[in-house]
$ cat final.pdb   # PDB, C-alpha atoms, pLDDT in the B column
ATOM      1  CA  MET A   7       5.154   6.306  -1.007  1.00 37.00           C
ATOM      2  CA  ARG A   8       2.821   7.433   1.769  1.00 42.00           C
ATOM      3  CA  LEU A   9       4.189   8.949   4.964  1.00 41.00           C
ATOM      4  CA  LEU A  10       2.931   7.292   8.122  1.00 51.00           C
ATOM      5  CA  ARG A  11       2.609   8.933  11.489  1.00 51.00           C
ATOM      6  CA  LYS A  12       4.579   6.628  13.748  1.00 50.00           C
ATOM      7  CA  THR A  13       3.315   5.416  17.077  1.00 55.00           C
ATOM      8  CA  ARG A  14       4.868   7.361  19.895  1.00 55.00           C
ATOM      9  CA  PRO A  15       7.743   5.753  21.803  1.00 48.00           C
ATOM     10  CA  THR A  16       6.348   3.896  24.805  1.00 51.00           C
ATOM     11  CA  ASN A  17       9.415   2.243  26.277  1.00 50.00           C
ATOM     12  CA  ASP A  18       9.087   4.270  29.481  1.00 54.00           C
ATOM     13  CA  PRO A  19       7.007   2.070  31.824  1.00 52.00           C
ATOM     14  CA  ARG A  20       5.873   5.199  33.694  1.00 57.00           C
ATOM     15  CA  GLN A  21       4.226   6.595  30.578  1.00 76.00           C
ATOM     16  CA  ARG A  22       0.515   5.817  30.260  1.00 86.00           C
ATOM     17  CA  ARG A  23      -0.586   4.162  27.023  1.00 91.00           C
ATOM     18  CA  ARG A  24      -3.344   6.050  25.253  1.00 94.00           C
ATOM     19  CA  ILE A  25      -6.050   3.787  23.811  1.00 96.00           C
ATOM     20  CA  LEU A  26      -8.897   4.937  21.557  1.00 96.00           C
ATOM     21  CA  VAL A  27     -12.089   2.842  21.660  1.00 95.00           C
ATOM     22  CA  ALA A  28     -14.963   3.309  19.193  1.00 95.00           C
ATOM     23  CA  ASP A  29     -18.228   1.414  19.790  1.00 94.00           C
ATOM     24  CA  ASP A  30     -21.814   2.604  19.590  1.00 92.00           C
ATOM     25  CA  ASP A  31     -22.941   0.051  22.188  1.00 91.00           C
ATOM     26  CA  PRO A  32     -22.519   1.677  25.632  1.00 88.00           C
ATOM     27  CA  SER A  33     -22.316  -1.711  27.356  1.00 88.00           C
ATOM     28  CA  ILE A  34     -19.435  -2.844  25.149  1.00 88.00           C
ATOM     29  CA  ALA A  35     -17.629   0.470  25.520  1.00 87.00           C
ATOM     30  CA  GLN A  36     -17.980   0.183  29.294  1.00 87.00           C
ATOM     31  CA  LEU A  37     -16.741  -3.421  29.208  1.00 87.00           C
ATOM     32  CA  VAL A  38     -13.618  -2.340  27.304  1.00 88.00           C
ATOM     33  CA  LYS A  39     -13.006   0.527  29.716  1.00 87.00           C
ATOM     34  CA  THR A  40     -13.427  -1.878  32.643  1.00 86.00           C
ATOM     35  CA  ALA A  41     -10.948  -4.321  31.105  1.00 86.00           C
ATOM     36  CA  LEU A  42      -8.426  -1.519  30.675  1.00 89.00           C
ATOM     37  CA  ARG A  43      -8.996   0.088  34.074  1.00 87.00           C
ATOM     38  CA  ASP A  44      -5.328   0.170  34.930  1.00 87.00           C
ATOM     39  CA  PRO A  45      -2.894   2.998  35.796  1.00 89.00           C
ATOM     40  CA  ARG A  46      -0.915   2.019  32.682  1.00 89.00           C
ATOM     41  CA  TYR A  47      -3.752   2.961  30.324  1.00 93.00           C
ATOM     42  CA  GLU A  48      -5.650   6.103  29.441  1.00 93.00           C
ATOM     43  CA  VAL A  49      -8.835   5.237  27.530  1.00 93.00           C
ATOM     44  CA  THR A  50     -10.783   7.605  25.274  1.00 94.00           C
ATOM     45  CA  ALA A  51     -14.193   6.288  24.137  1.00 93.00           C
ATOM     46  CA  VAL A  52     -16.255   7.517  21.157  1.00 94.00           C
ATOM     47  CA  VAL A  53     -19.482   6.183  19.647  1.00 93.00           C
ATOM     48  CA  ASN A  54     -18.840   5.995  15.896  1.00 93.00           C
ATOM     49  CA  GLY A  55     -16.116   5.780  13.289  1.00 94.00           C
ATOM     50  CA  LEU A  56     -16.320   9.436  12.319  1.00 95.00           C
ATOM     51  CA  GLN A  57     -15.642  10.507  15.891  1.00 95.00           C
ATOM     52  CA  ALA A  58     -12.781   7.998  16.038  1.00 96.00           C
ATOM     53  CA  ILE A  59     -11.155   9.484  12.941  1.00 96.00           C
ATOM     54  CA  ASN A  60     -11.524  13.035  14.229  1.00 95.00           C
ATOM     55  CA  GLN A  61     -10.231  12.111  17.682  1.00 95.00           C
ATOM     56  CA  PHE A  62      -7.267  10.305  16.163  1.00 95.00           C
ATOM     57  CA  ARG A  63      -6.351  13.387  14.149  1.00 93.00           C
ATOM     58  CA  GLN A  64      -6.287  15.477  17.300  1.00 93.00           C
ATOM     59  CA  THR A  65      -4.425  13.167  19.683  1.00 91.00           C
ATOM     60  CA  THR A  66      -1.604  10.621  19.476  1.00 91.00           C
ATOM     61  CA  PHE A  67      -2.702   7.123  20.504  1.00 94.00           C
ATOM     62  CA  ASP A  68      -0.771   3.910  21.150  1.00 93.00           C
ATOM     63  CA  LEU A  69      -3.630   1.569  20.189  1.00 95.00           C
ATOM     64  CA  VAL A  70      -7.041   1.829  18.490  1.00 96.00           C
ATOM     65  CA  ILE A  71      -9.969  -0.543  19.098  1.00 95.00           C
ATOM     66  CA  LEU A  72     -12.782  -0.280  16.525  1.00 94.00           C
ATOM     67  CA  ASP A  73     -16.200  -1.910  16.446  1.00 92.00           C
ATOM     68  CA  VAL A  74     -17.243  -2.889  12.915  1.00 90.00           C
ATOM     69  CA  MET A  75     -20.949  -2.028  12.963  1.00 89.00           C
ATOM     70  CA  MET A  76     -21.193   1.699  13.773  1.00 92.00           C
ATOM     71  CA  PRO A  77     -23.304   4.545  12.331  1.00 90.00           C
ATOM     72  CA  TYR A  78     -21.994   7.226   9.940  1.00 90.00           C
ATOM     73  CA  VAL A  79     -18.601   5.561   9.407  1.00 93.00           C
ATOM     74  CA  ASP A  80     -18.138   1.873  10.203  1.00 93.00           C
ATOM     75  CA  GLY A  81     -15.068   0.287  11.751  1.00 93.00           C
ATOM     76  CA  PHE A  82     -13.639  -0.908   8.443  1.00 93.00           C
ATOM     77  CA  GLU A  83     -13.714   2.559   6.917  1.00 95.00           C
ATOM     78  CA  ALA A  84     -12.287   4.095  10.092  1.00 95.00           C
ATOM     79  CA  CYS A  85      -9.508   1.494  10.031  1.00 94.00           C
ATOM     80  CA  LYS A  86      -8.690   2.344   6.425  1.00 92.00           C
ATOM     81  CA  ARG A  87      -8.535   6.092   7.055  1.00 93.00           C
ATOM     82  CA  ILE A  88      -6.393   5.722  10.169  1.00 94.00           C
ATOM     83  CA  ARG A  89      -4.046   3.281   8.441  1.00 90.00           C
ATOM     84  CA  ASP A  90      -3.581   5.735   5.567  1.00 87.00           C
ATOM     85  CA  THR A  91      -1.695   8.067   7.900  1.00 87.00           C
ATOM     86  CA  SER A  92      -0.427   5.939  10.775  1.00 87.00           C
ATOM     87  CA  ASP A  93       1.069   2.573  11.687  1.00 83.00           C
ATOM     88  CA  VAL A  94      -0.718   2.541  15.071  1.00 90.00           C
ATOM     89  CA  PRO A  95      -1.884  -0.983  16.084  1.00 90.00           C
ATOM     90  CA  ILE A  96      -5.585  -1.547  15.368  1.00 93.00           C
ATOM     91  CA  ILE A  97      -7.893  -4.187  16.854  1.00 92.00           C
ATOM     92  CA  ILE A  98     -11.279  -4.814  15.224  1.00 90.00           C
ATOM     93  CA  LEU A  99     -14.268  -5.797  17.402  1.00 88.00           C
ATOM     94  CA  THR A 100     -16.940  -7.696  15.515  1.00 81.00           C
ATOM     95  CA  SER A 101     -19.963  -9.870  16.133  1.00 78.00           C
ATOM     96  CA  ARG A 102     -19.407 -11.312  12.660  1.00 66.00           C
ATOM     97  CA  ASP A 103     -16.633 -13.900  12.753  1.00 60.00           C
ATOM     98  CA  GLY A 104     -16.832 -15.011   9.132  1.00 60.00           C
ATOM     99  CA  THR A 105     -13.634 -15.406   7.146  1.00 63.00           C
ATOM    100  CA  ASP A 106     -14.645 -12.582   4.792  1.00 71.00           C
ATOM    101  CA  ASP A 107     -14.666 -10.090   7.662  1.00 72.00           C
ATOM    102  CA  VAL A 108     -11.291 -11.287   8.884  1.00 71.00           C
ATOM    103  CA  VAL A 109      -9.777 -11.015   5.423  1.00 74.00           C
ATOM    104  CA  HIS A 110     -11.301  -7.582   4.848  1.00 81.00           C
ATOM    105  CA  GLY A 111      -9.959  -6.335   8.169  1.00 82.00           C
ATOM    106  CA  PHE A 112      -6.470  -7.492   7.285  1.00 79.00           C
ATOM    107  CA  GLU A 113      -6.719  -5.970   3.830  1.00 80.00           C
ATOM    108  CA  LEU A 114      -7.376  -2.609   5.473  1.00 85.00           C
ATOM    109  CA  GLY A 115      -4.417  -2.981   7.817  1.00 84.00           C
ATOM    110  CA  ALA A 116      -5.932  -4.261  11.072  1.00 88.00           C
ATOM    111  CA  ASP A 117      -3.526  -6.111  13.359  1.00 85.00           C
ATOM    112  CA  ASP A 118      -6.054  -8.311  15.121  1.00 85.00           C
ATOM    113  CA  TYR A 119      -9.742  -8.912  15.636  1.00 84.00           C
ATOM    114  CA  ILE A 120     -11.843 -10.068  18.574  1.00 86.00           C
ATOM    115  CA  THR A 121     -15.284 -11.600  18.198  1.00 83.00           C
ATOM    116  CA  LYS A 122     -18.140 -10.504  20.458  1.00 83.00           C
ATOM    117  CA  PRO A 123     -19.002 -11.571  23.044  1.00 82.00           C
ATOM    118  CA  PHE A 124     -15.517 -11.604  24.509  1.00 84.00           C
ATOM    119  CA  LYS A 125     -14.052 -12.038  27.953  1.00 85.00           C
ATOM    120  CA  ILE A 126     -12.260  -9.214  29.729  1.00 87.00           C
ATOM    121  CA  ALA A 127      -9.200 -11.417  30.187  1.00 87.00           C
ATOM    122  CA  GLU A 128      -9.015 -12.107  26.446  1.00 85.00           C
ATOM    123  CA  LEU A 129      -9.197  -8.435  25.500  1.00 88.00           C
ATOM    124  CA  LEU A 130      -6.617  -7.481  28.103  1.00 89.00           C
ATOM    125  CA  ALA A 131      -4.255 -10.245  26.961  1.00 86.00           C
ATOM    126  CA  ARG A 132      -4.445  -9.127  23.348  1.00 86.00           C
ATOM    127  CA  VAL A 133      -3.959  -5.456  24.171  1.00 90.00           C
ATOM    128  CA  GLU A 134      -0.920  -6.266  26.303  1.00 88.00           C
ATOM    129  CA  ALA A 135       0.522  -8.533  23.606  1.00 84.00           C
ATOM    130  CA  ILE A 136       0.243  -5.901  20.887  1.00 85.00           C
ATOM    131  CA  LEU A 137       1.744  -3.190  23.082  1.00 86.00           C
ATOM    132  CA  ARG A 138       4.631  -5.481  24.060  1.00 81.00           C
ATOM    133  CA  ARG A 139       5.352  -6.104  20.401  1.00 77.00           C
ATOM    134  CA  VAL A 140       5.292  -2.413  19.541  1.00 73.00           C
ATOM    135  CA  GLU A 141       7.441  -1.498  22.509  1.00 69.00           C
ATOM    136  CA  GLY A 142      10.058  -4.048  21.487  1.00 61.00           C
ATOM    137  CA  ARG A 143      10.255  -5.817  24.833  1.00 45.00           C
ATOM    138  CA  HIS A 144      10.614  -9.113  23.005  1.00 44.00           C
ATOM    139  CA  GLU A 145      13.098  -8.004  20.348  1.00 52.00           C
ATOM    140  CA  ARG A 146      14.534 -11.059  18.660  1.00 53.00           C
ATOM    141  CA  LEU A 147      18.235 -11.557  18.175  1.00 54.00           C
ATOM    142  CA  ALA A 148      18.142 -10.802  14.461  1.00 68.00           C
ATOM    143  CA  PRO A 149      19.991  -8.152  12.451  1.00 83.00           C
ATOM    144  CA  PRO A 150      18.064  -4.951  11.702  1.00 88.00           C
ATOM    145  CA  VAL A 151      18.630  -5.432   7.955  1.00 92.00           C
ATOM    146  CA  LEU A 152      17.928  -8.769   6.265  1.00 93.00           C
ATOM    147  CA  ASP A 153      18.297 -10.051   2.702  1.00 94.00           C
ATOM    148  CA  VAL A 154      16.700 -13.284   1.534  1.00 94.00           C
ATOM    149  CA  GLY A 155      16.938 -13.703  -2.197  1.00 92.00           C
ATOM    150  CA  GLU A 156      15.369 -10.624  -3.799  1.00 94.00           C
ATOM    151  CA  ILE A 157      13.699  -9.600  -0.547  1.00 96.00           C
ATOM    152  CA  HIS A 158      15.399  -6.783   1.375  1.00 96.00           C
ATOM    153  CA  ILE A 159      14.062  -5.856   4.833  1.00 96.00           C
ATOM    154  CA  ASP A 160      15.173  -2.755   6.717  1.00 94.00           C
ATOM    155  CA  LYS A 161      13.524  -3.063  10.135  1.00 89.00           C
ATOM    156  CA  PRO A 162      14.488   0.353  11.600  1.00 85.00           C
ATOM    157  CA  ARG A 163      13.074   2.101   8.526  1.00 87.00           C
ATOM    158  CA  HIS A 164      10.136  -0.326   8.265  1.00 86.00           C
ATOM    159  CA  LEU A 165      11.032  -0.783   4.595  1.00 93.00           C
ATOM    160  CA  VAL A 166      10.689  -3.841   2.351  1.00 96.00           C
ATOM    161  CA  THR A 167      11.822  -4.053  -1.252  1.00 96.00           C
ATOM    162  CA  LEU A 168      11.524  -6.905  -3.727  1.00 95.00           C
ATOM    163  CA  GLY A 169      14.101  -6.738  -6.473  1.00 93.00           C
ATOM    164  CA  GLY A 170      14.613  -3.087  -5.580  1.00 94.00           C
ATOM    165  CA  ARG A 171      10.882  -2.297  -5.781  1.00 95.00           C
ATOM    166  CA  PRO A 172       9.216  -0.980  -2.580  1.00 95.00           C
ATOM    167  CA  ILE A 173       6.500  -3.234  -1.170  1.00 94.00           C
ATOM    168  CA  ALA A 174       3.770  -1.674   0.991  1.00 89.00           C
ATOM    169  CA  LEU A 175       3.019  -3.947   3.953  1.00 88.00           C
ATOM    170  CA  THR A 176       0.739  -3.533   6.930  1.00 83.00           C
ATOM    171  CA  PRO A 177       2.490  -3.616  10.323  1.00 81.00           C
ATOM    172  CA  MET A 178       1.461  -7.228  10.934  1.00 83.00           C
ATOM    173  CA  GLU A 179       2.503  -8.359   7.453  1.00 89.00           C
ATOM    174  CA  PHE A 180       5.870  -6.711   8.059  1.00 91.00           C
ATOM    175  CA  GLU A 181       6.307  -8.477  11.419  1.00 89.00           C
ATOM    176  CA  LEU A 182       5.463 -11.859   9.920  1.00 93.00           C
ATOM    177  CA  LEU A 183       7.838 -11.411   6.988  1.00 95.00           C
ATOM    178  CA  TYR A 184      10.641 -10.171   9.244  1.00 94.00           C
ATOM    179  CA  PHE A 185      10.286 -13.163  11.552  1.00 92.00           C
ATOM    180  CA  LEU A 186      10.271 -15.657   8.687  1.00 95.00           C
ATOM    181  CA  ALA A 187      13.233 -13.903   7.039  1.00 94.00           C
ATOM    182  CA  ALA A 188      15.211 -13.935  10.288  1.00 91.00           C
ATOM    183  CA  ASN A 189      14.694 -17.710  10.324  1.00 91.00           C
ATOM    184  CA  ALA A 190      14.791 -18.365   6.580  1.00 92.00           C
ATOM    185  CA  GLY A 191      14.525 -22.041   5.682  1.00 92.00           C
ATOM    186  CA  GLN A 192      13.039 -23.004   9.062  1.00 92.00           C
ATOM    187  CA  VAL A 193       9.470 -24.308   9.233  1.00 94.00           C
ATOM    188  CA  PHE A 194       7.064 -22.921  11.841  1.00 92.00           C
ATOM    189  CA  ASP A 195       3.635 -24.260  12.715  1.00 90.00           C
ATOM    190  CA  ARG A 196       0.706 -21.869  13.049  1.00 87.00           C
ATOM    191  CA  GLU A 197       0.708 -21.955  16.846  1.00 84.00           C
ATOM    192  CA  THR A 198       4.372 -20.904  16.972  1.00 86.00           C
ATOM    193  CA  LEU A 199       3.854 -18.089  14.472  1.00 87.00           C
ATOM    194  CA  PHE A 200       0.788 -16.954  16.398  1.00 81.00           C
ATOM    195  CA  ARG A 201       2.831 -16.810  19.590  1.00 79.00           C
ATOM    196  CA  GLU A 202       6.056 -15.364  18.169  1.00 81.00           C
ATOM    197  CA  VAL A 203       4.610 -12.809  15.736  1.00 83.00           C
ATOM    198  CA  TRP A 204       1.351 -11.836  17.436  1.00 75.00           C
ATOM    199  CA  GLY A 205       2.902 -12.175  20.887  1.00 71.00           C
ATOM    200  CA  TYR A 206       0.195 -14.242  22.563  1.00 66.00           C
ATOM    201  CA  GLU A 207       1.031 -16.771  25.228  1.00 58.00           C
ATOM    202  CA  TYR A 208      -1.924 -18.967  24.319  1.00 51.00           C
ATOM    203  CA  VAL A 209      -3.299 -20.469  21.138  1.00 51.00           C
ATOM    204  CA  GLY A 210      -6.417 -18.711  19.878  1.00 54.00           C
ATOM    205  CA  GLU A 211      -7.632 -17.814  16.411  1.00 57.00           C
ATOM    206  CA  THR A 212      -4.685 -19.228  14.470  1.00 58.00           C
ATOM    207  CA  ASN A 213      -6.555 -18.743  11.188  1.00 74.00           C
ATOM    208  CA  LEU A 214      -5.194 -15.206  11.498  1.00 78.00           C
ATOM    209  CA  VAL A 215      -1.866 -16.707  10.465  1.00 86.00           C
ATOM    210  CA  ASP A 216      -3.351 -18.170   7.274  1.00 87.00           C
ATOM    211  CA  VAL A 217      -5.021 -14.875   6.374  1.00 85.00           C
ATOM    212  CA  CYS A 218      -1.829 -12.896   6.931  1.00 88.00           C
ATOM    213  CA  VAL A 219       0.234 -15.401   4.919  1.00 93.00           C
ATOM    214  CA  ARG A 220      -2.248 -15.182   2.068  1.00 91.00           C
ATOM    215  CA  ARG A 221      -2.113 -11.385   2.030  1.00 89.00           C
ATOM    216  CA  LEU A 222       1.670 -11.415   2.185  1.00 94.00           C
ATOM    217  CA  ARG A 223       1.879 -13.852  -0.708  1.00 96.00           C
ATOM    218  CA  GLU A 224      -0.273 -11.563  -2.829  1.00 94.00           C
ATOM    219  CA  LYS A 225       2.347  -8.866  -2.369  1.00 94.00           C
ATOM    220  CA  ILE A 226       5.642 -10.737  -2.705  1.00 95.00           C
ATOM    221  CA  GLU A 227       4.921 -13.757  -4.901  1.00 95.00           C
ATOM    222  CA  ASP A 228       5.017 -13.712  -8.704  1.00 93.00           C
ATOM    223  CA  GLU A 229       2.172 -16.252  -8.682  1.00 94.00           C
ATOM    224  CA  PRO A 230       0.426 -16.218  -5.273  1.00 93.00           C
ATOM    225  CA  SER A 231      -1.375 -19.463  -6.125  1.00 92.00           C
ATOM    226  CA  LYS A 232       2.013 -21.121  -6.722  1.00 93.00           C
ATOM    227  CA  PRO A 233       4.197 -19.588  -4.002  1.00 95.00           C
ATOM    228  CA  ARG A 234       7.938 -20.122  -4.125  1.00 94.00           C
ATOM    229  CA  ARG A 235       8.979 -17.702  -1.379  1.00 96.00           C
ATOM    230  CA  ILE A 236       6.538 -18.365   1.482  1.00 96.00           C
ATOM    231  CA  VAL A 237       6.187 -22.107   1.214  1.00 95.00           C
ATOM    232  CA  THR A 238       3.595 -24.342   2.846  1.00 95.00           C
ATOM    233  CA  VAL A 239       5.039 -27.505   4.359  1.00 93.00           C
ATOM    234  CA  ARG A 240       2.035 -29.801   4.379  1.00 90.00           C
ATOM    235  CA  GLY A 241       1.007 -30.933   7.839  1.00 87.00           C
ATOM    236  CA  VAL A 242       3.558 -28.665   9.528  1.00 90.00           C
ATOM    237  CA  GLY A 243       3.312 -24.972   8.694  1.00 92.00           C
ATOM    238  CA  TYR A 244       5.108 -22.249   6.752  1.00 96.00           C
ATOM    239  CA  LYS A 245       8.645 -21.167   5.958  1.00 96.00           C
ATOM    240  CA  LEU A 246      10.380 -18.491   3.944  1.00 96.00           C
ATOM    241  CA  ALA A 247      12.451 -20.348   1.395  1.00 93.00           C
ATOM    242  CA  ASP A 248      16.179 -19.682   1.719  1.00 80.00           C
ATOM    243  CA  MET A 249      16.859 -18.719  -1.892  1.00 66.00           C
ATOM    244  CA  SER A 250      20.587 -19.332  -1.423  1.00 58.00           C
ATOM    245  CA  GLU A 251      20.032 -23.050  -0.890  1.00 49.00           C
TER     246      GLU A 251
END

$ encode --input "final.pdb" --output "structure tokens"
Amino acid sequence: MRLLRKTRPTNDPRQRRRILVADDDPSIAQLVKTALRDPRYEVTAVVNGLQAINQFRQTTFDLVILDVMMPYVDGFEACKRIRDTSDVPIIILTSRDGTDDVVHGFELGADDYITKPFKIAELLARVEAILRRVEGRHERLAPPVLDVGEIHIDKPRHLVTLGGRPIALTPMEFELLYFLAANAGQVFDRETLFREVWGYEYVGETNLVDVCVRRLREKIEDEPSKPRRIVTVRGVGYKLADMSE
């Protein structure tokens, strides 16, 4: 089991949130810095994935924003290396919005992605949503430890086991599973999951939900192509089957 460097506690509203941005395009880097020009944030900008990895090893950050196409080490590889040692939230910036890129980003542990060109308001909204989720300002009234069938979830320890066997989940996969488990048997449409799990107040790229569900199924289903735990309710959405029913 790998040991992850946890994100630093950021519940103190007076504490500035440190954000690492890696993009080799100066105009994009400046746009991100402009979007996050706020007393609440302290932005460090680098120009490639290798610099991002080295900077991350030297300083504790609350959020990492990585461009995909960068020299030396691209955003995907940087995401992988950072995720190997930390559960810090990661946003991928990409000019390629194909499903393969989205899936690959999630496989490596990214929490979200934004397609270029993007609006300052969109980036700011997503950054704020992720930080709110991490800071626990919208903690749901659910017990810290949940059991649904063979699935055991220990939220404080960020631990999931299936039949006693540890399951390695990315932070977003964990959040989705915890939410579904806290409401086992209840069906949620994609827009609701997007809002409740990702924390956004508007409906955007809800295909993120489908990608995350697919990845989660690959980890907790005996036959991912014939899921019996995370069930699709045709025309409605998804639910975690209440195995006690």

$ closest_residue --input "final.pdb" --among "A:Ser231, A:Asp29, A:Pro149, A:Asp117" --to "Gly205 of chain A" --atoms "all atoms listed in the file"
A:Asp117

$ resolve_selection --input "final.pdb" --expression "the PyMOL selection byres ((chain A and resi 67) around 9)" --output "list in words"
Thr13, Arg14, Arg23, Arg24, Ile25, Leu26, Phe62, Thr65, Thr66, Asp68, Leu69, Val70 and Val94 of chain A

$ atom_distance --input "final.pdb" --atom1 "atom CA of Lys122 of chain A" --atom2 "atom CA of Leu214 of chain A"
16.4 Å

$ atom_distance --input "final.pdb" --atom1 "atom CA of Thr40 of chain A" --atom2 "atom CA of Asn213 of chain A"
28.1 Å

$ resolve_selection --input "final.pdb" --expression "the PyMOL selection byres ((chain A and resi 105-110) around 9)" --output "PyMOL selection string"
chain A and resi 82+100+102-104+111-116+118-119+213-214+217-218+221

$ closest_atom_pairs --input "final.pdb" --of "segment 60-97 of chain A" --to "segment 173-196 of chain A" --cutoff "12 Å" --atoms "only C-alpha atoms" --output "CSV"
residue,atom,partner,partner_atom,distance
A:Cys85,CA,A:Thr176,CA,11.8
A:Lys86,CA,A:Thr176,CA,11.1
A:Arg89,CA,A:Thr176,CA,8.5
A:Asp90,CA,A:Thr176,CA,10.3
A:Thr91,CA,A:Thr176,CA,11.9
A:Ser92,CA,A:Pro177,CA,10.0
A:Asp93,CA,A:Pro177,CA,6.5
A:Val94,CA,A:Pro177,CA,8.4
A:Pro95,CA,A:Pro177,CA,7.7
A:Ile96,CA,A:Pro177,CA,9.7
A:Ile97,CA,A:Met178,CA,11.5

$ atom_distance --input "final.pdb" --atom1 "atom CA of Gln64 of chain A" --atom2 "atom CA of Val133 of chain A"
22.2 Å

$ residues_near_point --input "final.pdb" --point "(-14.1, -2.4, 30.8)" --cutoff "12 Å" --atoms "only C-alpha atoms" --output "list in words"
Val27, Pro32, Ser33, Ile34, Ala35, Gln36, Leu37, Val38, Lys39, Thr40, Ala41, Leu42, Arg43, Asp44, Tyr47, Val49, Thr50, Ala51, Phe124, Lys125, Ile126, Ala127, Glu128, Leu129 and Leu130 of chain A

$ residues_around --input "final.pdb" --residues "Arg234 of chain A" --least-positions-apart "5" --cutoff "10 Å" --atoms "all atoms listed in the file" --output "PyMOL selection string"
chain A and resi 223+226-229+246-247+249

$ resolve_selection --input "final.pdb" --expression "the PyMOL selection byres ((chain A and resi 72-81) around 6)" --output "ChimeraX atom specification"
/A:28-30,54-56,71,82-85,98-100

$ write_last_selection --input "final.pdb" --atoms "C-alpha atoms" --output "PDB file, in the coordinates of the input"
ATOM      1  CA  ALA A  28     -14.963   3.309  19.193  1.00 95.00           C
ATOM      2  CA  ASP A  29     -18.228   1.414  19.790  1.00 94.00           C
ATOM      3  CA  ASP A  30     -21.814   2.604  19.590  1.00 92.00           C
ATOM      4  CA  ASN A  54     -18.840   5.995  15.896  1.00 93.00           C
ATOM      5  CA  GLY A  55     -16.116   5.780  13.289  1.00 94.00           C
ATOM      6  CA  LEU A  56     -16.320   9.436  12.319  1.00 95.00           C
ATOM      7  CA  ILE A  71      -9.969  -0.543  19.098  1.00 95.00           C
ATOM      8  CA  PHE A  82     -13.639  -0.908   8.443  1.00 93.00           C
ATOM      9  CA  GLU A  83     -13.714   2.559   6.917  1.00 95.00           C
ATOM     10  CA  ALA A  84     -12.287   4.095  10.092  1.00 95.00           C
ATOM     11  CA  CYS A  85      -9.508   1.494  10.031  1.00 94.00           C
ATOM     12  CA  ILE A  98     -11.279  -4.814  15.224  1.00 90.00           C
ATOM     13  CA  LEU A  99     -14.268  -5.797  17.402  1.00 88.00           C
ATOM     14  CA  THR A 100     -16.940  -7.696  15.515  1.00 81.00           C
TER      15      THR A 100
END
